[in-house]
Amino acid sequence: MLSSPRRLALSILTLAGALAAAHCQRDADAPAARADLGCCEVTPNSALGAGMGRIVVSYPGGDGAGSTRLDLFAAGNASKAIESKYGDAALELAPGTYDVTVGGRRVASVGVQAAHDTRIRVGVLYVHATDGTRIDLVEPADGAKLASGYGEKQYGLPVGLVGVEVAGQRDTALIEDGKVTEF
Amino acid sequence: MSIRSLIAICTATLLLAFAGESLAASPCCGIVSVAPSGAVTARETATGRTFEFQVADRRLLSTLKVGQPVHADFKTMRVSVQPDGAEPCCNIVSVAPNATAPVSAVAPCCAVVANASLRRLGRIVVAYPEEVAARIDVFRAGETKAIATDYGDKAFDLLPGTYDVSISGKRVAGVTVQSGHDTQIKVGLLRVNASEGTRIDLADPGSKERIASDYGPQVFGLPIGEVGVEIAGQTENVVIEAGQVTEF
């Protein structure tokens, strides 16, 4: 599927995103100043309660992606969510490592440090479709389903490529931090 | 009253009568889609261009249907949904910049018009001149398993690419879908006036392959072009024209 320069560029971006996400584990040693950790950005927050940190998710484009679900898991434990939220979220947590799903897509090993915010990089996929048109969002690599909806809808997602299926046909869209991707 | 005043009144009356004619004539256009937001897309039959008008009255909006004829006046930018074109209800908010533009010289099946409500997706649109429950199947080009099926007037949102579309069993190959555009398949109706119990078979004039069958008086939605009508073993070819009802 690398028939065009655009697809090649998107594939390279995906690979870069995946490599960056794989390095989320470095949170534990993150410096006090803002740290860029691929999946996330860690910044000091002195206003937090003693010994607590936060995972923060904020979608661009107003409240359009307000129905996007976020689930928080203990790292490596996908069976039961510790907490669930819809739309923008700021979860105050004990320091440690967590897994988070945003719009059905998993972000593994998100580190939380005391007195710091860990902001998960997210964007919005804004699908323009006629009412009644079914849209499925899938992992581009294996086709695993992430989310489904009908007609015009905004989906909050972690950064990276996402597959968009319409009438059994699949295309990909790139989700960028803090941006709304029109589709 | 002076003669000059009388002439002025008569002239004004005539002008008003002619001004109203554009709406009072037969409907120019048909509804292609109705959005819950009140945005209604319609197509001008003569040119194929689409336009959008806004319906503020929710009760009126709930009565509108895809395929319903409407009157549009592009000078005043007003639309009437009444059968006689009276009492314009709504304002035209946008008109597609391109009038009917064939996909290419070798693809006269369709007209492609911009659709500002779409981005990456495009649409295949089928809209008949009258209500009919003709079956539509959409295929990936060259394939036999339909990826979408529906009946009557319909718009299929699709990724850009080339598709085959079957309408009442007659296949239109190589239908191109472009991002942000509607590909309107040119269709018409065949109304067969036959007695109850008379079997009617439609066949491709070239391959002679049967495409549809039914009994008695029937209306078939079909792509433009020739179709063979077989009754009691005798076949006659008829031409289906865009936006027209062919009586048989």
# chains A, B, ... in the order shown; residues from 1 in each chain; ligands from 1
$ interface_residues --of "chain A" --to "chain B" --cutoff "10 Å" --atoms "only C-alpha atoms" --output "JSON, numbers by chain"
{"A": [126, 127, 128, 129, 130, 131, 132, 133, 134, 135, 151, 152, 164, 165, 166, 167, 168, 169, 170, 171, 173, 182, 183]}
$ write_last_selection --atoms "N, CA and C atoms" --output "mmCIF file, in the first residue's frame"
data_model
loop_
_atom_site.group_PDB
_atom_site.id
_atom_site.type_symbol
_atom_site.label_atom_id
_atom_site.label_comp_id
_atom_site.auth_asym_id
_atom_site.auth_seq_id
_atom_site.Cartn_x
_atom_site.Cartn_y
_atom_site.Cartn_z
ATOM 1 N N TYR A 126 -12.919 14.301 12.550
ATOM 2 C CA TYR A 126 -14.254 14.838 12.284
ATOM 3 C C TYR A 126 -14.729 14.218 10.965
ATOM 4 N N VAL A 127 -15.639 13.256 11.073
ATOM 5 C CA VAL A 127 -16.139 12.561 9.883
ATOM 6 C C VAL A 127 -17.399 13.261 9.375
ATOM 7 N N HIS A 128 -17.352 13.686 8.127
ATOM 8 C CA HIS A 128 -18.519 14.319 7.484
ATOM 9 C C HIS A 128 -19.193 13.264 6.617
ATOM 10 N N ALA A 129 -20.328 12.811 7.057
ATOM 11 C CA ALA A 129 -21.039 11.776 6.307
ATOM 12 C C ALA A 129 -22.536 12.001 6.453
ATOM 13 N N THR A 130 -23.276 11.429 5.522
ATOM 14 C CA THR A 130 -24.728 11.543 5.553
ATOM 15 C C THR A 130 -25.287 10.700 6.707
ATOM 16 N N ASP A 131 -26.374 11.176 7.289
ATOM 17 C CA ASP A 131 -27.028 10.404 8.349
ATOM 18 C C ASP A 131 -27.291 8.986 7.855
ATOM 19 N N GLY A 132 -27.004 8.032 8.697
ATOM 20 C CA GLY A 132 -27.260 6.644 8.328
ATOM 21 C C GLY A 132 -26.049 5.945 7.749
ATOM 22 N N THR A 133 -25.011 6.711 7.400
ATOM 23 C CA THR A 133 -23.787 6.076 6.896
ATOM 24 C C THR A 133 -22.986 5.544 8.075
ATOM 25 N N ARG A 134 -22.713 4.259 8.076
ATOM 26 C CA ARG A 134 -21.967 3.669 9.186
ATOM 27 C C ARG A 134 -20.467 3.894 8.987
ATOM 28 N N ILE A 135 -19.839 4.311 10.055
ATOM 29 C CA ILE A 135 -18.398 4.555 10.045
ATOM 30 C C ILE A 135 -17.769 3.655 11.100
ATOM 31 N N GLY A 151 -23.161 8.657 10.470
ATOM 32 C CA GLY A 151 -23.298 10.037 10.015
ATOM 33 C C GLY A 151 -22.182 10.936 10.508
ATOM 34 N N GLU A 152 -22.526 12.223 10.570
ATOM 35 C CA GLU A 152 -21.520 13.219 10.953
ATOM 36 C C GLU A 152 -21.196 13.098 12.431
ATOM 37 N N VAL A 164 -10.244 4.123 8.675
ATOM 38 C CA VAL A 164 -11.660 4.524 8.612
ATOM 39 C C VAL A 164 -12.341 3.650 7.561
ATOM 40 N N GLU A 165 -13.331 2.874 8.002
ATOM 41 C CA GLU A 165 -14.025 1.971 7.086
ATOM 42 C C GLU A 165 -15.418 2.502 6.765
ATOM 43 N N VAL A 166 -15.708 2.552 5.473
ATOM 44 C CA VAL A 166 -17.030 2.971 4.993
ATOM 45 C C VAL A 166 -17.454 1.970 3.922
ATOM 46 N N ALA A 167 -18.588 1.354 4.112
ATOM 47 C CA ALA A 167 -19.108 0.366 3.158
ATOM 48 C C ALA A 167 -18.059 -0.685 2.813
ATOM 49 N N GLY A 168 -17.336 -1.131 3.827
ATOM 50 C CA GLY A 168 -16.368 -2.195 3.623
ATOM 51 C C GLY A 168 -15.055 -1.763 3.003
ATOM 52 N N GLN A 169 -14.938 -0.481 2.686
ATOM 53 C CA GLN A 169 -13.701 0.056 2.121
ATOM 54 C C GLN A 169 -12.936 0.774 3.224
ATOM 55 N N ARG A 170 -11.614 0.678 3.206
ATOM 56 C CA ARG A 170 -10.836 1.291 4.266
ATOM 57 C C ARG A 170 -9.866 2.349 3.744
ATOM 58 N N ASP A 171 -9.793 3.431 4.485
ATOM 59 C CA ASP A 171 -8.813 4.482 4.213
ATOM 60 C C ASP A 171 -8.149 4.806 5.552
ATOM 61 N N ALA A 173 -6.492 7.887 8.216
ATOM 62 C CA ALA A 173 -6.431 9.315 8.546
ATOM 63 C C ALA A 173 -5.382 9.492 9.637
ATOM 64 N N GLU A 182 -10.192 16.675 9.401
ATOM 65 C CA GLU A 182 -11.477 16.588 8.680
ATOM 66 C C GLU A 182 -11.429 15.384 7.745
ATOM 67 N N PHE A 183 -12.499 14.632 7.717
ATOM 68 C CA PHE A 183 -12.557 13.439 6.858
ATOM 69 C C PHE A 183 -13.891 13.434 6.145
#
$ select_by_dssp --residues "region 1-244 of chain B" --states "alpha helix (DSSP H)" --output "list in words"
Ile3, Arg4, Ser5, Leu6, Ile7, Ala8, Ile9, Cys10, Thr11, Ala12, Thr13, Leu14, Leu15, Leu16, Ala17, Phe18, Ala19, Gly20, Glu21, Ser22, Leu23, Ala24, Arg58, Arg59, Leu60, Leu61, Ser62 and Thr63 of chain B
$ write_last_selection --atoms "N, CA and C atoms" --output "PDB file, in the first residue's frame"
ATOM      1  N   ILE B   3     -56.162  57.249 -18.010  1.00  0.00           N
ATOM      2  CA  ILE B   3     -55.742  56.113 -18.861  1.00  0.00           C
ATOM      3  C   ILE B   3     -54.323  55.706 -18.507  1.00  0.00           C
ATOM      4  N   ARG B   4     -53.482  56.723 -18.197  1.00  0.00           N
ATOM      5  CA  ARG B   4     -52.087  56.427 -17.853  1.00  0.00           C
ATOM      6  C   ARG B   4     -52.021  55.534 -16.602  1.00  0.00           C
ATOM      7  N   SER B   5     -52.870  55.868 -15.609  1.00  0.00           N
ATOM      8  CA  SER B   5     -52.881  55.055 -14.372  1.00  0.00           C
ATOM      9  C   SER B   5     -53.344  53.641 -14.655  1.00  0.00           C
ATOM     10  N   LEU B   6     -54.388  53.560 -15.526  1.00  0.00           N
ATOM     11  CA  LEU B   6     -54.935  52.239 -15.857  1.00  0.00           C
ATOM     12  C   LEU B   6     -53.871  51.366 -16.530  1.00  0.00           C
ATOM     13  N   ILE B   7     -53.141  51.980 -17.467  1.00  0.00           N
ATOM     14  CA  ILE B   7     -52.074  51.229 -18.164  1.00  0.00           C
ATOM     15  C   ILE B   7     -51.014  50.775 -17.163  1.00  0.00           C
ATOM     16  N   ALA B   8     -50.681  51.660 -16.248  1.00  0.00           N
ATOM     17  CA  ALA B   8     -49.653  51.318 -15.244  1.00  0.00           C
ATOM     18  C   ALA B   8     -50.086  50.137 -14.388  1.00  0.00           C
ATOM     19  N   ILE B   9     -51.368  50.150 -13.987  1.00  0.00           N
ATOM     20  CA  ILE B   9     -51.888  49.050 -13.161  1.00  0.00           C
ATOM     21  C   ILE B   9     -51.865  47.736 -13.937  1.00  0.00           C
ATOM     22  N   CYS B  10     -52.308  47.800 -15.236  1.00  0.00           N
ATOM     23  CA  CYS B  10     -52.312  46.589 -16.061  1.00  0.00           C
ATOM     24  C   CYS B  10     -50.903  46.038 -16.233  1.00  0.00           C
ATOM     25  N   THR B  11     -49.955  46.957 -16.493  1.00  0.00           N
ATOM     26  CA  THR B  11     -48.561  46.537 -16.684  1.00  0.00           C
ATOM     27  C   THR B  11     -48.027  45.856 -15.419  1.00  0.00           C
ATOM     28  N   ALA B  12     -48.317  46.468 -14.284  1.00  0.00           N
ATOM     29  CA  ALA B  12     -47.842  45.907 -13.015  1.00  0.00           C
ATOM     30  C   ALA B  12     -48.439  44.532 -12.775  1.00  0.00           C
ATOM     31  N   THR B  13     -49.736  44.397 -13.114  1.00  0.00           N
ATOM     32  CA  THR B  13     -50.400  43.104 -12.929  1.00  0.00           C
ATOM     33  C   THR B  13     -49.751  42.030 -13.786  1.00  0.00           C
ATOM     34  N   LEU B  14     -49.481  42.408 -15.067  1.00  0.00           N
ATOM     35  CA  LEU B  14     -48.836  41.449 -15.969  1.00  0.00           C
ATOM     36  C   LEU B  14     -47.452  41.051 -15.462  1.00  0.00           C
ATOM     37  N   LEU B  15     -46.689  42.044 -15.000  1.00  0.00           N
ATOM     38  CA  LEU B  15     -45.342  41.770 -14.492  1.00  0.00           C
ATOM     39  C   LEU B  15     -45.393  40.813 -13.310  1.00  0.00           C
ATOM     40  N   LEU B  16     -46.340  41.055 -12.415  1.00  0.00           N
ATOM     41  CA  LEU B  16     -46.475  40.182 -11.242  1.00  0.00           C
ATOM     42  C   LEU B  16     -46.836  38.765 -11.672  1.00  0.00           C
ATOM     43  N   ALA B  17     -47.715  38.680 -12.678  1.00  0.00           N
ATOM     44  CA  ALA B  17     -48.132  37.358 -13.149  1.00  0.00           C
ATOM     45  C   ALA B  17     -46.947  36.594 -13.713  1.00  0.00           C
ATOM     46  N   PHE B  18     -46.099  37.301 -14.525  1.00  0.00           N
ATOM     47  CA  PHE B  18     -44.946  36.623 -15.117  1.00  0.00           C
ATOM     48  C   PHE B  18     -43.885  36.311 -14.067  1.00  0.00           C
ATOM     49  N   ALA B  19     -43.753  37.205 -13.082  1.00  0.00           N
ATOM     50  CA  ALA B  19     -42.761  36.968 -12.027  1.00  0.00           C
ATOM     51  C   ALA B  19     -43.089  35.693 -11.278  1.00  0.00           C
ATOM     52  N   GLY B  20     -44.385  35.435 -11.094  1.00  0.00           N
ATOM     53  CA  GLY B  20     -44.788  34.245 -10.360  1.00  0.00           C
ATOM     54  C   GLY B  20     -44.709  32.982 -11.175  1.00  0.00           C
ATOM     55  N   GLU B  21     -44.536  33.141 -12.498  1.00  0.00           N
ATOM     56  CA  GLU B  21     -44.602  31.973 -13.370  1.00  0.00           C
ATOM     57  C   GLU B  21     -43.519  30.947 -13.073  1.00  0.00           C
ATOM     58  N   SER B  22     -42.308  31.447 -12.717  1.00  0.00           N
ATOM     59  CA  SER B  22     -41.213  30.512 -12.511  1.00  0.00           C
ATOM     60  C   SER B  22     -41.530  29.526 -11.395  1.00  0.00           C
ATOM     61  N   LEU B  23     -42.280  29.974 -10.396  1.00  0.00           N
ATOM     62  CA  LEU B  23     -42.628  29.063  -9.312  1.00  0.00           C
ATOM     63  C   LEU B  23     -43.912  28.297  -9.627  1.00  0.00           C
ATOM     64  N   ALA B  24     -44.832  28.931 -10.412  1.00  0.00           N
ATOM     65  CA  ALA B  24     -46.103  28.282 -10.667  1.00  0.00           C
ATOM     66  C   ALA B  24     -45.986  27.166 -11.694  1.00  0.00           C
ATOM     67  N   ARG B  58     -39.732  23.175  11.750  1.00  0.00           N
ATOM     68  CA  ARG B  58     -39.450  21.757  12.010  1.00  0.00           C
ATOM     69  C   ARG B  58     -40.592  20.859  11.526  1.00  0.00           C
ATOM     70  N   ARG B  59     -41.827  21.373  11.643  1.00  0.00           N
ATOM     71  CA  ARG B  59     -42.971  20.559  11.205  1.00  0.00           C
ATOM     72  C   ARG B  59     -42.927  20.359   9.695  1.00  0.00           C
ATOM     73  N   LEU B  60     -42.595  21.433   8.995  1.00  0.00           N
ATOM     74  CA  LEU B  60     -42.489  21.330   7.537  1.00  0.00           C
ATOM     75  C   LEU B  60     -41.342  20.383   7.170  1.00  0.00           C
ATOM     76  N   LEU B  61     -40.225  20.519   7.886  1.00  0.00           N
ATOM     77  CA  LEU B  61     -39.059  19.677   7.604  1.00  0.00           C
ATOM     78  C   LEU B  61     -39.426  18.197   7.707  1.00  0.00           C
ATOM     79  N   SER B  62     -40.230  17.868   8.723  1.00  0.00           N
ATOM     80  CA  SER B  62     -40.571  16.458   8.945  1.00  0.00           C
ATOM     81  C   SER B  62     -41.436  15.883   7.826  1.00  0.00           C
ATOM     82  N   THR B  63     -42.028  16.753   7.001  1.00  0.00           N
ATOM     83  CA  THR B  63     -42.890  16.261   5.909  1.00  0.00           C
ATOM     84  C   THR B  63     -42.104  16.066   4.607  1.00  0.00           C
TER      85      THR B  63
END
$ select_by_dssp --residues "region 115-156 of chain A" --states "strand (DSSP E or B)" --output "ChimeraX atom specification"
/A:116-120,122-127,134-138,145-150,153-156
$ atom_distance --atom1 "CA of Tyr155 (chain A)" --atom2 "CA of Gly66 (chain A)"
8.6 Å
$ atom_distance --atom1 "CA of Tyr150 (chain A)" --atom2 "CA of Asp164 (chain B)"
23.8 Å
$ atom_distance --atom1 "CA of Met77 (chain B)" --atom2 "CA of Ser37 (chain B)"
19.5 Å
$ closest_residue --among "A:Ala65, A:Leu137, A:Ser58, A:Gly111" --to "Gly38 (chain A)" --atoms "only C-alpha atoms"
A:Gly111
$ closest_residue --among "A:Gly96, A:Cys39, A:Ala114, A:Arg69" --to "Val159 (chain A)" --atoms "only C-alpha atoms"
A:Cys39
$ residues_around --residues "region 73-88 of chain A" --least-positions-apart "4" --cutoff "8 Å" --atoms "only C-alpha atoms" --output "count of residues only"
16
$ decode --residues "region 40-183 of chain A" --atoms "C-alpha atoms" --output "short mmCIF file (atom, residue, chain, number, x, y, z; two decimals), in the first residue's frame"
data_model
loop_
_atom_site.label_atom_id
_atom_site.label_comp_id
_atom_site.auth_asym_id
_atom_site.auth_seq_id
_atom_site.Cartn_x
_atom_site.Cartn_y
_atom_site.Cartn_z
CA CYS A 40 2.44 12.26 26.25
CA GLU A 41 3.75 15.51 27.58
CA VAL A 42 4.70 15.85 31.26
CA THR A 43 4.65 19.25 32.95
CA PRO A 44 5.01 20.28 36.60
CA ASN A 45 1.82 21.15 38.44
CA SER A 46 2.41 22.47 41.95
CA ALA A 47 -1.30 22.87 42.62
CA LEU A 48 -1.85 19.13 43.00
CA GLY A 49 -2.47 17.42 46.30
CA ALA A 50 0.48 16.03 48.19
CA GLY A 51 2.05 13.11 46.37
CA MET A 52 -0.50 13.11 43.54
CA GLY A 53 -0.15 13.48 39.78
CA ARG A 54 -2.64 13.73 36.94
CA ILE A 55 -3.45 12.24 33.56
CA VAL A 56 -4.97 14.98 31.41
CA VAL A 57 -6.84 14.63 28.14
CA SER A 58 -8.18 17.66 26.30
CA TYR A 59 -9.72 17.44 22.83
CA PRO A 60 -9.47 20.26 20.29
CA GLY A 61 -12.53 21.72 18.61
CA GLY A 62 -14.71 22.53 21.58
CA ASP A 63 -17.18 19.96 22.85
CA GLY A 64 -17.49 18.09 19.55
CA ALA A 65 -15.70 15.01 20.85
CA GLY A 66 -17.50 15.11 24.19
CA SER A 67 -18.81 11.59 23.75
CA THR A 68 -15.31 10.12 23.49
CA ARG A 69 -14.78 7.59 26.25
CA LEU A 70 -11.58 7.30 28.25
CA ASP A 71 -10.81 4.24 30.37
CA LEU A 72 -7.98 4.01 32.87
CA PHE A 73 -6.37 0.68 33.74
CA ALA A 74 -3.57 -0.49 35.97
CA ALA A 75 -0.60 -1.09 33.66
CA GLY A 76 -0.86 -4.46 31.94
CA ASN A 77 -4.33 -5.17 33.31
CA ALA A 78 -6.90 -4.76 30.56
CA SER A 79 -9.69 -6.58 32.35
CA LYS A 80 -11.16 -3.92 34.59
CA ALA A 81 -11.05 -0.15 34.27
CA ILE A 82 -10.10 1.80 37.39
CA GLU A 83 -11.97 4.83 36.12
CA SER A 84 -13.94 5.92 33.06
CA LYS A 85 -14.75 9.39 31.71
CA TYR A 86 -16.34 11.00 28.65
CA GLY A 87 -14.90 14.04 26.93
CA ASP A 88 -12.12 16.16 28.43
CA ALA A 89 -10.68 14.56 31.56
CA ALA A 90 -8.19 15.28 34.34
CA LEU A 91 -7.70 12.23 36.55
CA GLU A 92 -5.81 12.77 39.82
CA LEU A 93 -3.82 9.64 40.54
CA ALA A 94 -1.13 8.18 42.70
CA PRO A 95 2.25 8.10 40.96
CA GLY A 96 2.79 4.99 38.88
CA THR A 97 2.23 3.57 35.43
CA TYR A 98 -1.17 3.17 33.82
CA ASP A 99 -2.73 2.06 30.57
CA VAL A 100 -5.33 4.36 29.05
CA THR A 101 -7.80 3.81 26.21
CA VAL A 102 -8.97 6.90 24.38
CA GLY A 103 -11.79 6.41 21.88
CA GLY A 104 -11.09 2.67 22.02
CA ARG A 105 -7.38 2.95 21.24
CA ARG A 106 -4.92 1.88 23.93
CA VAL A 107 -2.02 4.01 25.09
CA ALA A 108 0.21 1.74 27.15
CA SER A 109 2.48 2.60 30.05
CA VAL A 110 1.50 6.16 30.75
CA GLY A 111 3.64 7.38 33.64
CA VAL A 112 2.24 9.58 36.40
CA GLN A 113 4.60 11.52 38.65
CA ALA A 114 3.87 13.38 41.83
CA ALA A 115 3.18 17.08 41.25
CA HIS A 116 3.07 16.64 37.48
CA ASP A 117 0.45 16.51 34.73
CA THR A 118 0.84 13.84 32.08
CA ARG A 119 -1.08 15.11 29.09
CA ILE A 120 -1.94 12.43 26.55
CA ARG A 121 -1.54 13.74 23.03
CA VAL A 122 -4.91 13.53 21.34
CA GLY A 123 -6.69 14.94 18.33
CA VAL A 124 -10.11 14.68 16.80
CA LEU A 125 -11.29 12.92 13.67
CA TYR A 126 -14.25 14.84 12.28
CA VAL A 127 -16.14 12.56 9.88
CA HIS A 128 -18.52 14.32 7.48
CA ALA A 129 -21.04 11.78 6.31
CA THR A 130 -24.73 11.54 5.55
CA ASP A 131 -27.03 10.40 8.35
CA GLY A 132 -27.26 6.64 8.33
CA THR A 133 -23.79 6.08 6.90
CA ARG A 134 -21.97 3.67 9.19
CA ILE A 135 -18.40 4.56 10.04
CA ASP A 136 -16.00 2.10 11.69
CA LEU A 137 -12.66 3.17 13.08
CA VAL A 138 -10.06 0.42 13.12
CA GLU A 139 -6.39 -0.19 13.82
CA PRO A 140 -4.66 0.17 10.46
CA ALA A 141 -2.31 -2.70 11.20
CA ASP A 142 -4.71 -5.49 12.07
CA GLY A 143 -8.19 -4.08 11.47
CA ALA A 144 -9.15 -4.37 15.15
CA LYS A 145 -12.24 -2.27 15.76
CA LEU A 146 -11.82 0.87 17.88
CA ALA A 147 -15.13 2.69 17.55
CA SER A 148 -18.24 2.91 15.38
CA GLY A 149 -20.79 5.58 14.62
CA TYR A 150 -23.28 6.86 12.09
CA GLY A 151 -23.30 10.04 10.01
CA GLU A 152 -21.52 13.22 10.95
CA LYS A 153 -19.55 12.71 14.15
CA GLN A 154 -16.36 13.72 15.95
CA TYR A 155 -14.10 11.03 17.43
CA GLY A 156 -11.39 11.80 19.98
CA LEU A 157 -8.29 9.65 19.47
CA PRO A 158 -4.64 9.42 20.49
CA VAL A 159 -2.18 10.68 17.90
CA GLY A 160 -1.25 8.37 15.04
CA LEU A 161 -2.88 6.74 12.08
CA VAL A 162 -6.39 5.36 12.28
CA GLY A 163 -8.25 3.26 9.73
CA VAL A 164 -11.66 4.52 8.61
CA GLU A 165 -14.03 1.97 7.09
CA VAL A 166 -17.03 2.97 4.99
CA ALA A 167 -19.11 0.37 3.16
CA GLY A 168 -16.37 -2.20 3.62
CA GLN A 169 -13.70 0.06 2.12
CA ARG A 170 -10.84 1.29 4.27
CA ASP A 171 -8.81 4.48 4.21
CA THR A 172 -6.46 5.98 6.79
CA ALA A 173 -6.43 9.31 8.55
CA LEU A 174 -3.66 10.88 10.59
CA ILE A 175 -4.60 12.15 14.04
CA GLU A 176 -2.38 15.01 15.16
CA ASP A 177 -1.92 16.50 18.60
CA GLY A 178 -4.39 19.29 19.28
CA LYS A 179 -5.81 19.24 15.76
CA VAL A 180 -9.12 18.35 14.16
CA THR A 181 -8.64 16.09 11.15
CA GLU A 182 -11.48 16.59 8.68
CA PHE A 183 -12.56 13.44 6.86
#
